[in-house]
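The data block below is entry-v4.cif; it holds mmCIF, N, CA and C atoms.
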```cif
data_start
loop_
_atom_site.label_atom_id
_atom_site.label_comp_id
_atom_site.auth_asym_id
_atom_site.auth_seq_id
_atom_site.Cartn_x
_atom_site.Cartn_y
_atom_site.Cartn_z
N MET A 1 3.06 170.82 -138.54
CA MET A 1 2.37 170.23 -137.41
C MET A 1 1.41 169.12 -137.86
N ASN A 2 1.22 168.98 -139.16
CA ASN A 2 0.32 167.98 -139.70
C ASN A 2 0.93 167.51 -141.03
N TYR A 3 0.11 167.07 -141.97
CA TYR A 3 0.62 166.70 -143.28
C TYR A 3 1.14 167.95 -143.98
N PHE A 4 2.23 167.79 -144.73
CA PHE A 4 2.80 168.92 -145.45
C PHE A 4 1.82 169.46 -146.49
N ILE A 5 1.78 170.78 -146.60
CA ILE A 5 1.03 171.47 -147.64
C ILE A 5 2.06 172.15 -148.51
N ASP A 6 2.18 171.71 -149.76
CA ASP A 6 3.17 172.23 -150.69
C ASP A 6 4.55 172.28 -150.02
N PRO A 7 5.11 171.11 -149.68
CA PRO A 7 6.37 171.07 -148.95
C PRO A 7 7.55 171.60 -149.76
N VAL A 8 8.40 172.34 -149.07
CA VAL A 8 9.64 172.85 -149.66
C VAL A 8 10.80 172.43 -148.76
N THR A 9 11.97 172.29 -149.33
CA THR A 9 13.15 171.90 -148.57
C THR A 9 14.21 172.98 -148.71
N THR A 10 14.74 173.41 -147.58
CA THR A 10 15.78 174.44 -147.59
C THR A 10 17.12 173.82 -147.97
N ASP A 11 18.11 174.65 -148.19
CA ASP A 11 19.42 174.13 -148.60
C ASP A 11 20.11 173.34 -147.49
N CYS A 12 19.65 173.45 -146.24
CA CYS A 12 20.23 172.65 -145.15
C CYS A 12 19.56 171.28 -145.05
N GLY A 13 18.51 171.07 -145.86
CA GLY A 13 17.87 169.76 -145.92
C GLY A 13 16.59 169.62 -145.13
N HIS A 14 16.18 170.64 -144.37
CA HIS A 14 14.94 170.56 -143.60
C HIS A 14 13.75 170.97 -144.46
N SER A 15 12.60 170.38 -144.17
CA SER A 15 11.41 170.63 -144.98
C SER A 15 10.35 171.36 -144.16
N PHE A 16 9.61 172.20 -144.86
CA PHE A 16 8.54 173.00 -144.26
C PHE A 16 7.41 173.12 -145.26
N CYS A 17 6.21 173.43 -144.78
CA CYS A 17 5.13 173.80 -145.68
C CYS A 17 5.48 175.17 -146.25
N ARG A 18 5.19 175.37 -147.51
CA ARG A 18 5.50 176.66 -148.13
C ARG A 18 4.87 177.83 -147.36
N PRO A 19 3.57 177.75 -147.00
CA PRO A 19 2.99 178.87 -146.25
C PRO A 19 3.72 179.14 -144.93
N CYS A 20 4.09 178.09 -144.20
CA CYS A 20 4.81 178.26 -142.93
C CYS A 20 6.18 178.88 -143.17
N PHE A 21 6.84 178.43 -144.22
CA PHE A 21 8.16 178.95 -144.56
C PHE A 21 8.09 180.46 -144.79
N TYR A 22 7.16 180.88 -145.61
CA TYR A 22 7.07 182.31 -145.92
C TYR A 22 6.55 183.14 -144.75
N LEU A 23 5.67 182.58 -143.93
CA LEU A 23 5.21 183.31 -142.74
C LEU A 23 6.35 183.56 -141.77
N ASN A 24 7.21 182.57 -141.59
CA ASN A 24 8.32 182.70 -140.65
C ASN A 24 9.46 183.56 -141.18
N TRP A 25 9.64 183.61 -142.50
CA TRP A 25 10.79 184.28 -143.07
C TRP A 25 10.42 185.49 -143.93
N GLN A 26 9.20 185.96 -143.86
CA GLN A 26 8.76 187.04 -144.76
C GLN A 26 9.45 188.38 -144.49
N ASP A 27 9.82 188.65 -143.26
CA ASP A 27 10.42 189.94 -142.93
C ASP A 27 11.94 189.94 -143.03
N ILE A 28 12.52 188.81 -143.33
CA ILE A 28 13.97 188.70 -143.40
C ILE A 28 14.41 189.00 -144.83
N THR A 29 15.32 189.97 -144.97
CA THR A 29 15.68 190.41 -146.32
C THR A 29 16.82 189.62 -146.95
N VAL A 30 17.83 189.26 -146.17
CA VAL A 30 19.00 188.61 -146.77
C VAL A 30 19.16 187.18 -146.27
N LEU A 31 19.60 187.02 -145.02
CA LEU A 31 19.85 185.69 -144.46
C LEU A 31 18.73 185.30 -143.50
N ALA A 32 18.39 184.04 -143.51
CA ALA A 32 17.40 183.50 -142.58
C ALA A 32 18.01 182.32 -141.86
N GLN A 33 17.51 182.04 -140.69
CA GLN A 33 17.98 180.89 -139.92
C GLN A 33 16.93 179.80 -139.98
N CYS A 34 17.37 178.57 -140.25
CA CYS A 34 16.47 177.42 -140.24
C CYS A 34 15.97 177.23 -138.81
N SER A 35 14.69 177.07 -138.64
CA SER A 35 14.14 176.92 -137.28
C SER A 35 14.49 175.56 -136.68
N LYS A 36 14.95 174.62 -137.48
CA LYS A 36 15.33 173.29 -136.97
C LYS A 36 16.80 173.23 -136.55
N CYS A 37 17.70 173.63 -137.43
CA CYS A 37 19.13 173.47 -137.15
C CYS A 37 19.86 174.79 -136.91
N LYS A 38 19.19 175.90 -137.13
CA LYS A 38 19.74 177.25 -136.92
C LYS A 38 20.81 177.65 -137.93
N LYS A 39 20.98 176.87 -139.00
CA LYS A 39 21.92 177.25 -140.05
C LYS A 39 21.33 178.40 -140.84
N THR A 40 22.17 179.30 -141.31
CA THR A 40 21.67 180.41 -142.11
C THR A 40 21.54 179.99 -143.56
N THR A 41 20.59 180.60 -144.22
CA THR A 41 20.35 180.29 -145.63
C THR A 41 19.98 181.58 -146.36
N GLN A 42 20.33 181.65 -147.62
CA GLN A 42 19.95 182.77 -148.46
C GLN A 42 18.84 182.36 -149.42
N GLN A 43 18.43 181.15 -149.31
CA GLN A 43 17.47 180.59 -150.23
C GLN A 43 16.14 181.33 -150.14
N ARG A 44 15.67 181.92 -151.22
CA ARG A 44 14.40 182.64 -151.24
C ARG A 44 13.45 182.04 -152.27
N ASN A 45 13.94 181.68 -153.43
CA ASN A 45 13.10 181.09 -154.47
C ASN A 45 13.15 179.57 -154.35
N ILE A 46 12.43 179.06 -153.41
CA ILE A 46 12.47 177.62 -153.15
C ILE A 46 11.46 176.89 -154.04
N LYS A 47 11.75 175.64 -154.29
CA LYS A 47 10.88 174.82 -155.14
C LYS A 47 10.18 173.78 -154.30
N THR A 48 9.03 173.33 -154.79
CA THR A 48 8.28 172.28 -154.12
C THR A 48 9.09 170.99 -154.13
N ASN A 49 9.12 170.30 -152.99
CA ASN A 49 9.75 169.00 -152.89
C ASN A 49 8.72 167.99 -153.40
N ILE A 50 8.85 167.61 -154.66
CA ILE A 50 7.84 166.79 -155.33
C ILE A 50 7.67 165.43 -154.66
N ARG A 51 8.75 164.79 -154.28
CA ARG A 51 8.65 163.47 -153.63
C ARG A 51 7.92 163.56 -152.30
N LEU A 52 8.28 164.55 -151.50
CA LEU A 52 7.63 164.73 -150.21
C LEU A 52 6.16 165.11 -150.38
N ASN A 53 5.87 165.88 -151.42
CA ASN A 53 4.49 166.26 -151.72
C ASN A 53 3.66 165.02 -152.05
N LYS A 54 4.23 164.10 -152.85
CA LYS A 54 3.52 162.86 -153.20
C LYS A 54 3.32 161.98 -151.97
N MET A 55 4.34 161.90 -151.13
CA MET A 55 4.22 161.08 -149.91
C MET A 55 3.15 161.64 -148.97
N ALA A 56 3.09 162.95 -148.84
CA ALA A 56 2.08 163.58 -147.98
C ALA A 56 0.69 163.32 -148.54
N SER A 57 0.56 163.37 -149.86
CA SER A 57 -0.73 163.10 -150.51
C SER A 57 -1.17 161.66 -150.28
N ILE A 58 -0.23 160.72 -150.40
CA ILE A 58 -0.53 159.30 -150.16
C ILE A 58 -0.93 159.10 -148.70
N ALA A 59 -0.23 159.74 -147.78
CA ALA A 59 -0.55 159.60 -146.36
C ALA A 59 -1.93 160.16 -146.04
N ARG A 60 -2.28 161.32 -146.64
CA ARG A 60 -3.61 161.90 -146.42
C ARG A 60 -4.70 160.95 -146.91
N LYS A 61 -4.50 160.39 -148.11
CA LYS A 61 -5.49 159.48 -148.69
C LYS A 61 -5.61 158.21 -147.86
N ALA A 62 -4.49 157.65 -147.42
CA ALA A 62 -4.51 156.43 -146.61
C ALA A 62 -5.21 156.69 -145.28
N SER A 63 -4.95 157.84 -144.69
CA SER A 63 -5.59 158.19 -143.43
C SER A 63 -7.10 158.34 -143.62
N LEU A 64 -7.50 158.97 -144.71
CA LEU A 64 -8.93 159.14 -144.99
C LEU A 64 -9.59 157.79 -145.24
N ARG A 65 -8.92 156.92 -146.01
CA ARG A 65 -9.47 155.58 -146.28
C ARG A 65 -9.63 154.80 -144.98
N GLN A 66 -8.64 154.88 -144.12
CA GLN A 66 -8.70 154.16 -142.85
C GLN A 66 -9.84 154.71 -142.00
N PHE A 67 -10.00 156.03 -141.97
CA PHE A 67 -11.08 156.64 -141.20
C PHE A 67 -12.44 156.20 -141.72
N LEU A 68 -12.61 156.24 -143.05
CA LEU A 68 -13.90 155.90 -143.63
C LEU A 68 -14.24 154.42 -143.51
N SER A 69 -13.23 153.56 -143.40
CA SER A 69 -13.50 152.13 -143.31
C SER A 69 -13.50 151.63 -141.86
N SER A 70 -13.24 152.52 -140.92
CA SER A 70 -13.22 152.09 -139.52
C SER A 70 -14.62 151.69 -139.06
N GLU A 71 -14.69 150.91 -138.03
CA GLU A 71 -15.97 150.37 -137.53
C GLU A 71 -16.95 151.48 -137.19
N GLU A 72 -16.48 152.58 -136.66
CA GLU A 72 -17.39 153.65 -136.27
C GLU A 72 -18.00 154.35 -137.48
N GLN A 73 -17.45 154.14 -138.68
CA GLN A 73 -18.00 154.75 -139.87
C GLN A 73 -18.96 153.81 -140.61
N ILE A 74 -19.21 152.64 -140.04
CA ILE A 74 -20.18 151.71 -140.62
C ILE A 74 -21.55 152.05 -140.03
N TYR A 75 -22.52 152.29 -140.89
CA TYR A 75 -23.84 152.70 -140.43
C TYR A 75 -24.59 151.48 -139.88
N GLY A 76 -25.17 151.62 -138.71
CA GLY A 76 -25.81 150.52 -138.01
C GLY A 76 -26.94 149.85 -138.75
N THR A 77 -27.86 150.60 -139.31
CA THR A 77 -29.05 150.03 -139.95
C THR A 77 -28.70 149.16 -141.15
N HIS A 78 -27.89 149.66 -142.03
CA HIS A 78 -27.58 148.95 -143.27
C HIS A 78 -26.21 148.28 -143.28
N ARG A 79 -25.40 148.51 -142.24
CA ARG A 79 -24.04 147.97 -142.17
C ARG A 79 -23.25 148.33 -143.43
N GLU A 80 -23.44 149.55 -143.89
CA GLU A 80 -22.74 150.08 -145.07
C GLU A 80 -21.76 151.16 -144.62
N VAL A 81 -20.72 151.38 -145.42
CA VAL A 81 -19.76 152.43 -145.13
C VAL A 81 -20.41 153.79 -145.38
N LYS A 82 -20.19 154.72 -144.46
CA LYS A 82 -20.71 156.08 -144.63
C LYS A 82 -19.83 156.80 -145.63
N LYS A 83 -20.43 157.20 -146.75
CA LYS A 83 -19.66 157.85 -147.82
C LYS A 83 -20.21 159.22 -148.21
N VAL A 84 -21.40 159.56 -147.73
CA VAL A 84 -22.06 160.79 -148.17
C VAL A 84 -22.25 161.71 -146.97
N PHE A 85 -21.93 162.99 -147.15
CA PHE A 85 -22.08 163.96 -146.07
C PHE A 85 -23.39 164.70 -146.24
N CYS A 86 -24.21 164.71 -145.19
CA CYS A 86 -25.49 165.43 -145.20
C CYS A 86 -25.24 166.85 -144.71
N GLU A 87 -25.48 167.83 -145.56
CA GLU A 87 -25.27 169.24 -145.21
C GLU A 87 -26.23 169.68 -144.11
N VAL A 88 -27.46 169.17 -144.13
CA VAL A 88 -28.48 169.57 -143.14
C VAL A 88 -28.14 169.03 -141.76
N ASP A 89 -27.89 167.73 -141.66
CA ASP A 89 -27.60 167.09 -140.37
C ASP A 89 -26.14 167.21 -139.97
N LYS A 90 -25.28 167.61 -140.93
CA LYS A 90 -23.84 167.70 -140.68
C LYS A 90 -23.28 166.35 -140.20
N SER A 91 -23.63 165.30 -140.93
CA SER A 91 -23.18 163.96 -140.54
C SER A 91 -22.93 163.11 -141.78
N LEU A 92 -22.14 162.05 -141.60
CA LEU A 92 -21.88 161.10 -142.67
C LEU A 92 -22.99 160.06 -142.71
N LEU A 93 -23.39 159.68 -143.93
CA LEU A 93 -24.44 158.70 -144.12
C LEU A 93 -23.99 157.63 -145.11
N CYS A 94 -24.61 156.47 -145.02
CA CYS A 94 -24.35 155.46 -146.05
C CYS A 94 -25.16 155.85 -147.29
N LEU A 95 -24.86 155.24 -148.42
CA LEU A 95 -25.52 155.58 -149.67
C LEU A 95 -27.02 155.33 -149.61
N LEU A 96 -27.43 154.24 -148.98
CA LEU A 96 -28.85 153.93 -148.87
C LEU A 96 -29.61 155.00 -148.09
N CYS A 97 -29.03 155.43 -146.97
CA CYS A 97 -29.68 156.46 -146.16
C CYS A 97 -29.70 157.81 -146.86
N SER A 98 -28.67 158.10 -147.63
CA SER A 98 -28.61 159.40 -148.31
C SER A 98 -29.68 159.51 -149.39
N ASN A 99 -30.13 158.37 -149.90
CA ASN A 99 -31.18 158.37 -150.92
C ASN A 99 -32.58 158.35 -150.33
N SER A 100 -32.69 158.31 -149.01
CA SER A 100 -34.00 158.29 -148.38
C SER A 100 -34.64 159.66 -148.47
N GLN A 101 -35.95 159.75 -148.21
CA GLN A 101 -36.68 161.00 -148.35
C GLN A 101 -36.24 162.05 -147.34
N GLU A 102 -35.79 161.65 -146.16
CA GLU A 102 -35.39 162.63 -145.17
C GLU A 102 -34.05 163.31 -145.47
N HIS A 103 -33.32 162.79 -146.46
CA HIS A 103 -32.06 163.43 -146.84
C HIS A 103 -32.13 163.77 -148.30
#
```
Whole structure given in structure tokens:
Amino acid sequence: MNYFIDPVTTDCGHSFCRPCFYLNWQDITVLAQCSKCKKTTQQRNIKTNIRLNKMASIARKASLRQFLSSEEQIYGTHREVKKVFCEVDKSLLCLLCSNSQEH
């Protein structure tokens, strides 16, 4: 439903997060049905899809970079990018504000 977490690919070619795969198929002893195409599979010892894992990691980083550089993440007073999270205020701050006495 979001970025893949430790993506695995079944023998029918569909990909799932490893935790989702095991949650859906944990009670099935022999054959399982792919939730996408309904093909049966005996695959139990699945391996991480390394390429898909790298792509998901790149997408997460790009999304985070875009979020942090968006206009709403620029702090008004100093016009700096908010890069530091204040645990007390539960908010993002620019580096200058994070070094102030109130934080």
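Atom N of A:Asn2 is positioned 14.0 Å from atom N of A:Ile58.
Going from atom C of A:Thr41 over to atom N of A:Ile5, you cover 21.2 Å.
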Run the PyMOL selection byres ((chain A and resi 83) around 6.5) mentally over the shown coordinates, then write out the matched residues as an MDAnalysis selection string, using the chain letters and numbers from the document.
-> chainID A and resid 81:82 84:85 92:95
Do you know which residues the PyMOL selection byres (((chain A and resi 47 and name CA) around 10) and name CA) returns on this file, as a PyMOL selection string?
-> chain A and resi 6-10+18+44-46+48-50
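The space between atom N of A:Cys12 and atom N of A:Ala56 spans 19.8 Å.
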Nearest to A:Trp25: which of A:Ala62, A:Gly13, A:Phe4, A:Thr40 is it, counting only C-alpha atoms?
-> A:Thr40
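Using only N, CA and C atoms, the smallest distance between any of A:Ala59, A:Leu96, A:Cys37, A:Ala32 and A:His14 comes from A:Cys37.
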